[in-house]
$ cat entry.txt   # compact mmCIF, C-alpha atoms and all ligand atoms
# COMPACT_ATOMS: atom_id res chain seq x y z
CA MET A 16 6.45 -40.73 67.79
CA SER A 17 3.08 -42.49 67.98
CA GLU A 18 2.72 -46.19 67.10
CA GLN A 19 -0.45 -45.55 65.12
CA THR A 20 -0.35 -45.21 61.37
CA LEU A 21 -2.42 -42.76 59.44
CA ALA A 22 -4.18 -43.90 56.27
CA SER A 23 -3.84 -40.50 54.66
CA VAL A 24 -0.09 -40.85 54.49
CA THR A 25 -0.46 -43.55 51.87
CA SER A 26 -3.59 -42.20 50.17
CA ILE A 27 -2.01 -38.89 49.19
CA GLY A 28 0.16 -40.80 46.72
CA ASP A 29 -2.78 -40.75 44.30
CA LEU A 30 -2.88 -36.99 43.98
CA GLU A 31 -1.44 -35.30 40.95
CA ALA A 32 1.59 -33.07 41.30
CA PRO A 33 0.85 -29.33 41.25
CA PRO A 34 1.71 -27.46 38.01
CA ALA A 35 5.37 -26.50 37.58
CA PRO A 36 6.17 -23.12 39.15
CA ASP A 37 7.86 -20.40 37.08
CA ALA A 38 11.58 -19.68 37.02
CA GLY A 39 11.24 -16.89 39.60
CA ALA A 40 9.56 -19.14 42.17
CA LEU A 41 12.06 -21.92 41.49
CA LEU A 42 14.96 -19.53 41.96
CA GLN A 43 13.55 -18.34 45.29
CA ARG A 44 13.35 -21.92 46.50
CA THR A 45 16.83 -22.60 45.11
CA ALA A 46 18.02 -19.68 47.25
CA LEU A 47 16.89 -21.65 50.30
CA GLY A 48 19.00 -24.62 49.25
CA ASP A 49 16.20 -26.60 47.61
CA GLU A 50 17.91 -29.02 45.20
CA ALA A 51 14.65 -30.27 43.72
CA ALA A 52 13.69 -26.70 42.83
CA PHE A 53 17.14 -26.21 41.34
CA ALA A 54 16.73 -29.32 39.19
CA ALA A 55 13.40 -27.97 37.93
CA LEU A 56 15.05 -24.61 37.26
CA TYR A 57 17.75 -26.39 35.26
CA ASP A 58 15.08 -28.18 33.21
CA THR A 59 13.33 -24.88 32.52
CA LEU A 60 16.33 -22.74 31.58
CA SER A 61 19.11 -25.06 30.40
CA PRO A 62 17.95 -25.12 26.74
CA SER A 63 18.14 -21.31 26.61
CA VAL A 64 21.52 -21.22 28.32
CA PHE A 65 23.05 -24.06 26.31
CA GLY A 66 21.59 -22.92 22.97
CA MET A 67 22.76 -19.34 23.46
CA ALA A 68 26.22 -20.48 24.62
CA LYS A 69 26.52 -22.80 21.62
CA ARG A 70 25.57 -19.95 19.29
CA VAL A 71 28.16 -17.62 20.80
CA ILE A 72 30.97 -20.13 21.30
CA ARG A 73 30.26 -22.34 18.27
CA ASN A 74 31.78 -25.32 20.04
CA PRO A 75 29.23 -27.65 21.67
CA ALA A 76 31.70 -29.18 24.14
CA ARG A 77 32.83 -25.77 25.33
CA ALA A 78 29.18 -24.64 25.47
CA GLU A 79 28.44 -27.58 27.77
CA GLU A 80 31.27 -26.52 30.08
CA VAL A 81 29.95 -22.98 30.16
CA THR A 82 26.40 -24.23 30.84
CA GLN A 83 27.67 -26.25 33.80
CA GLU A 84 29.61 -23.24 35.14
CA VAL A 85 26.56 -21.01 34.76
CA PHE A 86 24.25 -23.32 36.67
CA LEU A 87 26.81 -23.83 39.39
CA GLN A 88 27.03 -20.04 39.67
CA VAL A 89 23.22 -19.82 39.76
CA TRP A 90 23.16 -22.32 42.63
CA GLN A 91 25.89 -20.52 44.56
CA THR A 92 24.60 -17.00 44.09
CA ALA A 93 20.83 -17.62 44.14
CA PRO A 94 20.59 -16.15 47.69
CA ARG A 95 21.93 -12.89 46.24
CA PHE A 96 19.56 -12.65 43.28
CA ASP A 97 17.73 -9.32 43.31
CA PRO A 98 14.27 -9.59 41.73
CA SER A 99 14.01 -5.79 41.52
CA LYS A 100 16.70 -5.84 38.81
CA GLY A 101 14.87 -8.11 36.40
CA SER A 102 13.35 -11.55 35.96
CA ALA A 103 15.01 -14.77 37.10
CA LYS A 104 15.26 -15.91 33.50
CA SER A 105 16.99 -12.76 32.30
CA TRP A 106 19.35 -12.91 35.29
CA VAL A 107 20.43 -16.45 34.35
CA LEU A 108 20.72 -15.59 30.65
CA THR A 109 22.82 -12.54 31.56
CA LEU A 110 25.23 -14.64 33.65
CA ALA A 111 25.36 -17.13 30.79
CA HIS A 112 26.06 -14.56 28.09
CA ARG A 113 28.79 -12.96 30.18
CA ARG A 114 30.49 -16.35 30.61
CA ALA A 115 30.05 -17.31 26.97
CA VAL A 116 31.60 -14.03 25.85
CA ASP A 117 34.46 -14.40 28.33
CA ALA A 118 35.06 -17.92 27.01
CA VAL A 119 35.16 -16.72 23.41
CA ARG A 120 37.52 -13.87 24.28
CA HIS A 121 39.72 -16.25 26.21
CA ASP A 122 39.78 -18.85 23.43
CA GLN A 123 40.27 -16.56 20.51
CA SER A 124 42.31 -13.43 20.19
CA ALA A 125 40.62 -10.55 18.41
CA THR A 126 42.96 -10.85 15.45
CA ASN A 127 42.12 -14.43 14.55
CA ARG A 128 38.39 -14.10 14.90
CA ASP A 129 36.74 -14.71 11.61
CA LEU A 130 35.49 -11.29 10.60
CA ALA A 131 33.89 -12.77 7.53
CA TYR A 132 31.66 -15.06 9.60
CA ASP A 133 28.04 -14.80 8.58
CA TRP A 134 26.62 -13.29 11.72
CA SER A 135 23.04 -12.80 10.58
CA PRO A 136 20.90 -14.61 13.15
CA GLY A 137 19.45 -17.97 12.46
CA ILE A 138 20.36 -18.52 8.83
CA ASP A 139 22.61 -21.49 9.46
CA HIS A 140 21.17 -22.29 12.86
CA ASP A 141 17.59 -23.16 12.05
CA GLU A 142 18.30 -26.85 12.45
CA VAL A 143 18.84 -26.42 16.18
CA VAL A 144 15.54 -24.62 16.66
CA GLU A 145 13.49 -27.36 18.19
CA THR A 146 10.07 -26.47 19.49
CA VAL A 147 7.26 -24.44 17.99
CA THR A 148 7.54 -21.86 20.74
CA VAL A 149 11.27 -21.45 20.23
CA ARG A 150 10.80 -21.30 16.46
CA LEU A 151 8.22 -18.51 16.82
CA GLU A 152 10.51 -16.64 19.20
CA HIS A 153 13.39 -17.17 16.79
CA GLU A 154 11.35 -15.81 13.87
CA GLN A 155 10.24 -12.81 15.90
CA VAL A 156 13.78 -11.92 16.94
CA LYS A 157 14.92 -12.30 13.34
CA LYS A 158 12.09 -10.09 12.12
CA CYS A 159 12.81 -7.43 14.75
CA LEU A 160 16.54 -7.47 13.97
CA SER A 161 15.77 -6.98 10.31
CA GLY A 162 13.82 -3.86 11.27
CA LEU A 163 16.99 -2.16 12.54
CA THR A 164 19.30 0.01 10.47
CA GLU A 165 22.27 -1.90 9.10
CA LEU A 166 24.74 -0.33 11.50
CA GLN A 167 22.45 -0.91 14.50
CA ARG A 168 22.00 -4.55 13.53
CA GLU A 169 25.67 -5.18 12.83
CA ALA A 170 26.76 -3.54 16.07
CA ILE A 171 24.30 -5.58 18.15
CA THR A 172 24.84 -8.93 16.46
CA LEU A 173 28.65 -8.72 16.39
CA ALA A 174 28.58 -7.93 20.11
CA TYR A 175 25.89 -10.35 21.21
CA TYR A 176 26.57 -13.39 19.02
CA GLN A 177 30.32 -13.01 18.58
CA GLY A 178 31.46 -11.37 21.80
CA TYR A 179 33.00 -8.28 20.17
CA THR A 180 33.65 -5.25 22.33
CA TYR A 181 32.21 -2.02 20.94
CA ALA A 182 35.78 -0.95 20.11
CA GLU A 183 36.27 -4.15 18.10
CA VAL A 184 32.92 -3.60 16.40
CA ALA A 185 34.06 -0.09 15.48
CA GLN A 186 37.26 -1.45 13.99
CA ALA A 187 35.53 -4.25 12.11
CA LEU A 188 32.97 -1.88 10.62
CA ASP A 189 35.40 0.99 10.18
CA ALA A 190 33.13 3.21 12.26
CA ASN A 191 33.64 5.73 15.06
CA PRO A 192 33.47 4.00 18.51
CA ALA A 193 31.18 6.76 19.83
CA THR A 194 28.83 6.14 16.92
CA VAL A 195 28.86 2.39 17.60
CA LYS A 196 27.88 2.96 21.26
CA THR A 197 25.00 5.17 20.15
CA ARG A 198 23.83 2.73 17.50
CA MET A 199 23.90 -0.11 20.03
CA ARG A 200 21.64 1.87 22.32
CA ASP A 201 19.25 3.02 19.58
CA GLY A 202 19.13 -0.49 18.17
CA LEU A 203 18.47 -2.14 21.54
CA ILE A 204 15.64 0.29 22.28
CA ARG A 205 14.08 -0.40 18.88
CA LEU A 206 14.51 -4.13 19.43
CA ARG A 207 12.99 -3.86 22.90
CA ASP A 208 9.91 -2.09 21.57
CA CYS A 209 9.58 -4.49 18.63
CA LEU A 210 9.71 -7.50 20.98
CA GLY A 211 7.15 -5.89 23.28
CA VAL A 212 9.48 -5.84 26.30
CA GLU A 213 8.48 -3.31 28.95
CA SER A 214 10.91 -0.42 29.23
CA MET B 23 32.38 12.63 31.90
CA SER B 24 29.28 11.22 33.49
CA ASN B 25 27.46 11.57 30.14
CA ASP B 26 30.16 9.38 28.59
CA LEU B 27 29.49 6.77 31.24
CA HIS B 28 25.73 6.70 30.53
CA GLY B 29 26.77 5.92 26.97
CA LEU B 30 28.34 2.64 28.11
CA LEU B 31 24.96 1.25 29.23
CA ALA B 32 24.10 -0.44 25.91
CA PRO B 33 27.58 -1.93 25.38
CA TYR B 34 27.47 -3.11 29.00
CA ALA B 35 24.12 -4.85 28.46
CA LEU B 36 25.61 -6.52 25.37
CA ASP B 37 28.77 -7.55 27.27
CA ALA B 38 30.66 -5.41 24.75
CA LEU B 39 33.00 -3.72 27.23
CA ASP B 40 36.50 -4.83 28.05
CA ALA B 41 37.22 -5.70 31.69
CA ASP B 42 38.39 -2.20 32.70
CA GLU B 43 35.43 -0.41 31.17
CA ARG B 44 33.08 -2.98 32.65
CA ALA B 45 34.42 -2.22 36.14
CA THR B 46 34.23 1.52 35.49
CA PHE B 47 30.67 1.27 34.27
CA GLU B 48 29.56 -0.96 37.16
CA ALA B 49 30.83 1.68 39.58
CA HIS B 50 28.79 4.26 37.67
CA LEU B 51 25.74 1.99 37.59
CA ASP B 52 25.78 1.71 41.38
CA GLN B 53 25.28 5.46 41.58
CA CYS B 54 23.20 6.23 38.49
CA GLU B 55 19.44 5.90 38.78
CA THR B 56 18.94 6.65 35.08
CA CYS B 57 21.06 3.68 34.04
CA GLN B 58 19.55 1.48 36.78
CA ALA B 59 16.09 2.25 35.44
CA GLU B 60 16.97 1.56 31.81
CA LEU B 61 19.09 -1.57 32.24
CA PRO B 62 16.36 -4.15 33.06
CA GLY B 63 14.50 -3.50 29.79
CA LEU B 64 17.69 -3.96 27.76
CA VAL B 65 18.65 -7.08 29.72
CA GLU B 66 15.19 -8.57 29.21
CA THR B 67 15.37 -7.75 25.49
CA LEU B 68 18.70 -9.53 25.11
CA SER B 69 17.53 -12.52 27.12
CA ARG B 70 14.78 -12.85 24.50
CA VAL B 71 17.45 -12.81 21.79
CA GLY B 72 19.38 -15.51 23.67
CA GLU B 73 16.30 -17.63 24.32
CA ALA B 74 15.52 -17.67 20.62
CA GLU B 75 18.60 -19.87 20.18
CA SER B 76 17.35 -22.59 22.59
CA ALA B 77 18.78 -26.06 22.09
CA THR B 78 18.41 -29.04 24.41
CA PRO B 79 21.70 -29.90 26.14
CA PRO B 80 22.82 -33.56 26.34
CA PRO B 81 21.12 -35.45 29.21
CA ALA B 82 24.49 -36.31 30.78
CA LEU B 83 25.06 -32.62 31.47
CA ARG B 84 22.04 -32.53 33.78
CA ALA B 85 23.41 -35.35 35.93
CA SER B 86 26.80 -33.68 36.03
CA VAL B 87 25.37 -30.31 37.08
CA LEU B 88 23.15 -31.81 39.78
CA ALA B 89 26.03 -33.89 41.15
CA ALA B 90 28.26 -30.80 41.32
CA VAL B 91 25.56 -28.81 43.07
CA SER B 92 24.99 -31.44 45.76
CA THR B 93 28.55 -30.89 46.98
CA THR B 94 28.66 -27.10 46.56
CA THR B 95 27.76 -24.64 49.30
CA GLN B 96 25.72 -21.55 48.55
CA GLN B 97 26.75 -17.99 49.25
CA ARG B 98 25.08 -16.32 52.18
CA PRO B 99 22.62 -13.56 51.40
CA VAL B 100 24.18 -10.11 51.63
CA VAL B 101 22.70 -8.43 54.67
CA SER B 102 22.96 -4.85 53.57
CA LEU B 103 19.97 -2.56 53.85
CA ASP B 104 19.30 -3.26 50.19
CA SER B 105 19.28 -6.99 50.60
CA ARG B 106 17.02 -6.79 53.61
CA ARG B 107 14.59 -4.98 51.37
CA ARG B 108 15.17 -7.64 48.75
CA LEU B 109 14.49 -10.46 51.17
CA ARG B 110 11.42 -8.70 52.41
CA ARG B 111 10.21 -8.54 48.84
CA SER B 112 11.05 -12.12 47.98
CA LEU B 113 9.93 -13.86 51.14
CA PRO B 114 6.21 -13.03 51.12
CA GLN B 115 5.59 -15.58 48.39
CA LEU B 116 7.27 -18.30 50.41
CA VAL B 117 5.50 -17.29 53.57
CA ALA B 118 2.19 -16.93 51.77
CA ALA B 119 2.62 -20.40 50.38
CA ALA B 120 2.62 -21.65 53.91
CA ALA B 121 -0.37 -19.41 54.72
CA VAL B 122 0.35 -20.16 58.36
CA VAL B 123 3.46 -19.54 60.34
CA ALA B 124 3.96 -20.86 63.82
CA ALA B 125 4.61 -18.25 66.43
CA MET B 126 5.11 -18.27 70.17
CA VAL B 127 2.06 -16.90 71.94
CA GLY B 128 1.99 -16.81 75.71
CA GLY B 129 3.31 -20.11 77.02
CA GLY B 130 2.58 -22.31 74.03
CA PHE B 131 2.66 -22.53 70.26
CA ALA B 132 -0.13 -21.06 68.27
CA VAL B 133 -0.83 -20.97 64.60
CA ILE B 134 -1.44 -17.52 63.26
CA GLU B 135 -3.31 -16.87 60.04
CA HIS B 136 -1.70 -13.92 58.36
CA ASP B 137 -4.31 -11.61 57.00
CA ASN B 138 -2.50 -8.89 58.89
CA VAL B 139 0.34 -7.34 56.92
CA SER B 140 2.37 -6.18 59.92
CA ASP B 141 2.31 -9.67 61.49
CA MET B 142 3.48 -11.01 58.17
CA ARG B 143 6.27 -8.49 58.04
CA ALA B 144 7.36 -9.31 61.60
CA ASP B 145 7.66 -12.98 60.65
CA GLN B 146 9.63 -12.14 57.54
CA GLU B 147 12.06 -10.15 59.66
CA ARG B 148 12.52 -13.12 61.96
CA VAL B 149 12.92 -15.49 59.03
CA THR B 150 15.44 -13.14 57.44
CA ALA B 151 17.37 -12.97 60.70
CA ILE B 152 17.73 -16.77 60.78
CA ILE B 153 18.58 -17.22 57.11
CA SER B 154 21.21 -14.51 57.27
CA ALA B 155 22.64 -15.42 60.69
CA ALA B 156 26.40 -15.98 60.65
CA ASP B 157 25.94 -19.44 62.18
CA ALA B 158 22.97 -20.49 60.01
CA THR B 159 23.28 -24.13 58.96
CA THR B 160 21.15 -25.99 56.47
CA THR B 161 20.21 -29.66 56.70
CA SER B 162 17.74 -31.46 54.51
CA GLY B 163 16.03 -34.78 54.02
CA ASN B 164 13.57 -36.50 51.74
CA VAL B 165 9.87 -36.63 52.48
CA SER B 166 8.75 -40.25 52.04
CA THR B 167 5.65 -39.22 50.09
CA GLY B 168 7.67 -36.93 47.81
CA GLY B 169 9.54 -33.66 48.17
CA THR B 170 12.24 -32.24 50.39
CA LEU B 171 12.28 -30.93 53.94
CA ARG B 172 14.91 -28.30 54.59
CA VAL B 173 15.90 -26.88 57.95
CA ILE B 174 17.88 -23.68 58.31
CA SER B 175 18.77 -23.35 61.97
CA SER B 176 20.82 -20.91 63.98
CA LYS B 177 22.28 -21.86 67.33
CA SER B 178 22.76 -18.26 68.38
CA HIS B 179 19.06 -17.58 67.78
CA SER B 180 18.03 -21.04 69.02
CA ALA B 181 15.52 -20.87 66.18
CA ALA B 182 14.95 -22.38 62.76
CA VAL B 183 13.15 -21.92 59.49
CA VAL B 184 11.74 -25.16 58.12
CA SER B 185 10.46 -25.41 54.57
CA GLY B 186 8.86 -28.23 52.66
CA SER B 187 9.15 -28.13 48.90
CA SER B 188 7.82 -30.25 46.05
CA LEU B 189 5.49 -31.86 48.61
CA LYS B 190 2.48 -33.83 47.44
CA GLU B 191 -0.63 -31.72 47.78
CA LEU B 192 -2.91 -33.03 50.52
CA PRO B 193 -6.70 -33.20 50.39
CA GLY B 194 -8.36 -30.21 52.07
CA ASP B 195 -9.03 -32.01 55.35
CA LYS B 196 -5.36 -32.89 55.90
CA VAL B 197 -2.32 -30.83 56.70
CA TYR B 198 1.44 -31.29 57.08
CA GLN B 199 2.38 -30.67 60.71
CA LEU B 200 5.89 -29.99 61.97
CA TRP B 201 7.30 -31.34 65.23
CA THR B 202 10.55 -30.66 67.03
CA MET B 203 11.99 -33.83 68.54
CA HIS B 204 13.29 -33.59 72.09
CA HIS B 205 14.99 -36.88 72.97
CA GLY B 206 12.20 -38.86 71.39
CA ILE B 207 9.37 -36.58 72.52
CA PRO B 208 7.67 -34.60 69.72
CA LYS B 209 6.58 -31.03 70.40
CA ASP B 210 4.15 -29.23 68.11
CA ALA B 211 6.04 -26.70 65.95
CA GLY B 212 3.24 -25.56 63.67
CA LEU B 213 1.63 -26.36 60.34
CA LEU B 214 3.33 -26.39 56.95
CA GLY B 215 -0.02 -26.34 55.15
CA THR B 216 -1.52 -28.69 52.57
CA LYS B 217 1.43 -28.52 50.17
CA ASP B 218 4.70 -26.56 50.03
CA GLY B 219 5.10 -24.30 53.02
CA MET B 220 7.42 -22.78 55.54
CA VAL B 221 7.37 -22.58 59.33
CA TYR B 222 9.35 -20.36 61.63
CA VAL B 223 10.34 -22.22 64.80
CA PRO B 224 11.14 -19.57 67.43
CA LYS B 225 12.41 -21.85 70.23
CA LEU B 226 14.43 -24.95 69.43
CA GLY B 227 15.45 -25.62 73.04
CA ASP B 228 17.07 -29.07 73.26
CA ALA B 229 15.55 -30.27 69.97
CA VAL B 230 17.82 -32.63 68.01
CA ALA B 231 15.61 -33.17 64.96
CA VAL B 232 12.41 -32.07 63.29
CA ALA B 233 9.70 -34.37 61.96
CA VAL B 234 6.67 -33.96 59.74
CA THR B 235 3.42 -35.92 59.96
CA VAL B 236 0.15 -35.69 58.06
CA GLU B 237 -2.61 -34.61 60.42
CA PRO B 238 -6.29 -33.63 60.21
CA GLN B 239 -6.85 -29.99 59.20
CA GLY B 240 -6.05 -27.71 62.14
CA GLY B 241 -3.31 -30.02 63.37
CA SER B 242 -3.09 -32.43 66.29
CA LYS B 243 -1.80 -32.08 69.84
CA GLU B 244 0.26 -35.22 69.39
CA PRO B 245 1.28 -36.94 66.15
CA THR B 246 -1.37 -39.42 65.01
CA GLY B 247 0.67 -41.00 62.21
CA GLU B 248 4.13 -42.16 61.27
CA PRO B 249 6.39 -39.29 60.24
CA VAL B 250 6.80 -38.72 56.48
CA ALA B 251 10.09 -36.94 57.17
CA VAL B 252 12.64 -36.74 59.98
CA THR B 253 15.59 -34.40 59.60
CA ASP B 254 18.37 -34.01 62.15
CA LEU B 255 19.29 -30.52 63.19
CA ALA B 256 22.88 -29.50 62.59
CA THR B 257 24.94 -30.09 65.72
ZN ZN C 1 24.16 6.48 33.96
$ encode --input "entry.txt" --output "structure tokens"
Amino acid sequence: MSEQTLASVTSIGDLEAPPAPDAGALLQRTALGDEAAFAALYDTLSPSVFGMAKRVIRNPARAEEVTQEVFLQVWQTAPRFDPSKGSAKSWVLTLAHRRAVDAVRHDQSATNRDLAYDWSPGIDHDEVVETVTVRLEHEQVKKCLSGLTELQREAITLAYYQGYTYAEVAQALDANPATVKTRMRDGLIRLRDCLGVES
Amino acid sequence: MSNDLHGLLAPYALDALDADERATFEAHLDQCETCQAELPGLVETLSRVGEAESATPPPALRASVLAAVSTTTQQRPVVSLDSRRRLRRSLPQLVAAAAVVAAMVGGGFAVIEHDNVSDMRADQERVTAIISAADATTTSGNVSTGGTLRVISSKSHSAAVVSGSSLKELPGDKVYQLWTMHHGIPKDAGLLGTKDGMVYVPKLGDAVAVAVTVEPQGGSKEPTGEPVAVTDLAT
């Protein structure tokens, strides 16, 4: 290595950092073992993961455990992420929901779940909605859910927020399991179009 | 029968299947293009529903997650035909970020600007080969001016992929240059670019480390400044 020093090495300290890359770019760099990119990915997605897990599990300490497990899984499996199957964000949220649901099913047997729980989204959760963006998103989801038929909405919310299987939904609502499957699909498609998600 | 399985797509997206049905449906999904095409829209929709519940986790969780990650190894990429396609799709952005990739030309190193798609693809194939090699090893170090230098090297290929991330952006007349260190003697290994970038090093030879310096645009024949990063190669 040369003995000379180069002024530019110190002068570049004055430059501003480039704007934060999106979750997809961060996940690609995470896949190459980049811990700084992973930390930025955590900062971007952890509120969604933790908030969703807390909503499903309804136990903040358990939701923290699940959040940690999810991000560890993201780190380990990032090299196997397939961008053709969806966005980085939806991949992480999907892993997170799966784990949250598994935690709920593990912690509670179907029989002692509180069927009377008020599952309508947001009503007793508004206090955790923190930023304007999240609040708008929250309102939009609520509005779109209210545009579904009652059975569509109940089937989707019992499954998504409470971790019910479609068979458990059918039992809880005293409906035919085949009908529940169909209503889930119809409801999700209507929700997708209402939220402006590309099909 | 197969119509019944299509019907499990929505419950699958909602995680509303029990373990047996989930396994059954995933086997169907592998084969069913209709379900494969419809799933991403449903998954994206539900991730919007999940996101709408956002809540900031306690700061201590961040430290705990990052500490756990620093001692956890990552899975290797799956090198099936599918994943080779996947890597080919995902790597261009990384390679493009570098804008230049070092390649062996004749007897010496040359820097090739990739406006040619097939050159680009050839480099991606080589990069993929290193990253997915059975003996690929990753080492990393801090860059003194900010960011991380990461080296994925393969002994069997005697080659490496070196990436700089979260690097400070340099003014237009400067560039990060990579060197392989051969018992104290630096050899030019190509340019990382003016900020984050990646370089494919085709011949490691007896190199024991890689180093990065900041050089005038176009690079230098020998380093003209102190290194901002030195990372040992895995032995
Ligand atoms: Zn199908």
$ residues_near_ligand --input "entry.txt" --ligand "ligand ZN 1 (chain C)" --cutoff "10 Å" --atoms "only C-alpha atoms and all ligand atoms" --output "list in words"
Ser24, Asn25, Asp26, Leu27, His28, Gly29, Leu30, Leu31, Phe47, Glu48, Ala49, His50, Leu51, Asp52, Gln53, Cys54, Glu55, Thr56, Cys57, Gln58, Ala59, Glu60 and Leu61 of chain B
$ closest_residue --input "entry.txt" --among "A:Gln186, A:Gln91, A:Thr148, A:Gln123" --to "chain B" --atoms "only C-alpha atoms"
A:Gln91
$ closest_atom_pairs --input "entry.txt" --of "chain B" --to "chain A" --cutoff "7 Å" --atoms "only C-alpha atoms" --output "Markdown table"
| residue | atom | partner | partner_atom | distance |
| --- | --- | --- | --- | --- |
| B:Gly29 | CA | A:Lys196 | CA | 6.5 |
| B:Leu30 | CA | A:Lys196 | CA | 6.9 |
| B:Ala32 | CA | A:Arg200 | CA | 4.9 |
| B:Pro33 | CA | A:Lys196 | CA | 6.4 |
| B:Leu36 | CA | A:Tyr175 | CA | 5.7 |
| B:Asp37 | CA | A:Arg113 | CA | 6.1 |
| B:Ala38 | CA | A:Thr180 | CA | 3.8 |
| B:Leu39 | CA | A:Thr180 | CA | 5.2 |
| B:Asp40 | CA | A:Thr180 | CA | 6.4 |
| B:Glu60 | CA | A:Ser214 | CA | 6.9 |
| B:Pro62 | CA | A:Gly101 | CA | 5.4 |
| B:Gly63 | CA | A:Ser214 | CA | 4.8 |
| B:Leu64 | CA | A:Leu203 | CA | 6.5 |
| B:Val65 | CA | A:Ser105 | CA | 6.5 |
| B:Glu66 | CA | A:Ser105 | CA | 5.5 |
| B:Thr67 | CA | A:Arg207 | CA | 5.2 |
| B:Ser69 | CA | A:Ser105 | CA | 5.2 |
| B:Val71 | CA | A:Val156 | CA | 6.1 |
| B:Gly72 | CA | A:Met67 | CA | 5.1 |
| B:Glu73 | CA | A:Ser63 | CA | 4.7 |
| B:Ala74 | CA | A:His153 | CA | 4.4 |
| B:Glu75 | CA | A:Gly66 | CA | 5.1 |
| B:Ser76 | CA | A:Gly66 | CA | 4.3 |
| B:Ala77 | CA | A:Gly66 | CA | 4.3 |
| B:Thr78 | CA | A:Pro62 | CA | 4.6 |
| B:Pro79 | CA | A:Phe65 | CA | 6.0 |
| B:Val87 | CA | A:Gln83 | CA | 5.7 |
| B:Leu88 | CA | A:Ala54 | CA | 6.9 |
| B:Val91 | CA | A:Leu87 | CA | 6.3 |
| B:Thr95 | CA | A:Gln91 | CA | 6.6 |
| B:Gln96 | CA | A:Gln91 | CA | 4.1 |
| B:Gln97 | CA | A:Gln91 | CA | 5.4 |
| B:Arg98 | CA | A:Pro94 | CA | 6.4 |
| B:Pro99 | CA | A:Pro94 | CA | 5.0 |
| B:Val100 | CA | A:Arg95 | CA | 6.5 |
| B:Arg108 | CA | A:Asp97 | CA | 6.2 |
| B:Thr167 | CA | A:Gly28 | CA | 6.6 |
| B:Lys190 | CA | A:Ala32 | CA | 6.3 |
| B:Glu191 | CA | A:Leu30 | CA | 6.9 |
| B:Leu192 | CA | A:Ile27 | CA | 6.1 |
| B:Ile207 | CA | A:Met16 | CA | 6.9 |
| B:Pro208 | CA | A:Met16 | CA | 6.5 |
| B:Val236 | CA | A:Val24 | CA | 6.3 |
| B:Pro245 | CA | A:Ser17 | CA | 6.1 |
| B:Thr246 | CA | A:Ser17 | CA | 6.2 |
| B:Gly247 | CA | A:Thr20 | CA | 4.4 |
| B:Glu248 | CA | A:Thr20 | CA | 5.4 |
$ atom_distance --input "entry.txt" --atom1 "atom CA of B:Ala82" --atom2 "atom CA of A:Thr59"
16.1 Å
$ atom_distance --input "entry.txt" --atom1 "atom CA of B:Val183" --atom2 "atom CA of B:Gly168"
19.8 Å
$ atom_distance --input "entry.txt" --atom1 "atom CA of B:Val232" --atom2 "atom CA of B:Gly163"
10.3 Å
$ residues_around --input "entry.txt" --residues "B:Gln239" --least-positions-apart "4" --cutoff "9 Å" --atoms "only C-alpha atoms" --output "ChimeraX atom specification"
/B:194-198,215-216
$ residues_around --input "entry.txt" --residues "B:Val165" --least-positions-apart "4" --cutoff "10 Å" --atoms "all atoms listed in the file" --output "list in words"
Gly169, Thr170, Leu171, Arg172, Gly186, Ser187, Ser188, Leu189, Lys190, Ala233, Val234, Thr235, Pro249, Val250, Ala251, Val252 and Thr253 of chain B
$ axis_aligned_box --input "entry.txt" --around "stretch 187-198 of chain B" --padding-each-side "3 Å" --output "AutoDock Vina command-line options"
--center_x 0.1 --center_y -31.0 --center_z 51.6 --size_x 24.2 --size_y 11.7 --size_z 17.0
$ closest_residue --input "entry.txt" --among "A:Arg77, A:Val119, A:Leu188, A:Ala55" --to "A:Leu41" --atoms "all atoms listed in the file"
A:Ala55
$ build_atoms --input "entry.txt" --residues "stretch 106-111 of chain A" --atoms "N, CA, C and O atoms" --output "compact mmCIF listing (two decimals), in the coordinates of the input"
# COMPACT_ATOMS: atom_id res chain seq x y z
N TRP A 106 18.16 -12.88 34.44
CA TRP A 106 19.35 -12.91 35.29
C TRP A 106 20.26 -14.08 34.88
O TRP A 106 21.47 -13.93 34.69
N VAL A 107 19.65 -15.26 34.72
CA VAL A 107 20.43 -16.45 34.35
C VAL A 107 21.02 -16.29 32.95
O VAL A 107 22.20 -16.59 32.73
N LEU A 108 20.22 -15.78 32.02
CA LEU A 108 20.72 -15.59 30.65
C LEU A 108 21.84 -14.55 30.62
O LEU A 108 22.77 -14.66 29.83
N THR A 109 21.76 -13.55 31.50
CA THR A 109 22.82 -12.54 31.56
C THR A 109 24.13 -13.14 32.07
O THR A 109 25.19 -12.91 31.50
N LEU A 110 24.03 -13.94 33.15
CA LEU A 110 25.23 -14.64 33.65
C LEU A 110 25.82 -15.51 32.54
O LEU A 110 27.03 -15.57 32.35
N ALA A 111 24.92 -16.18 31.82
CA ALA A 111 25.36 -17.13 30.79
C ALA A 111 26.05 -16.40 29.64
O ALA A 111 27.09 -16.83 29.16
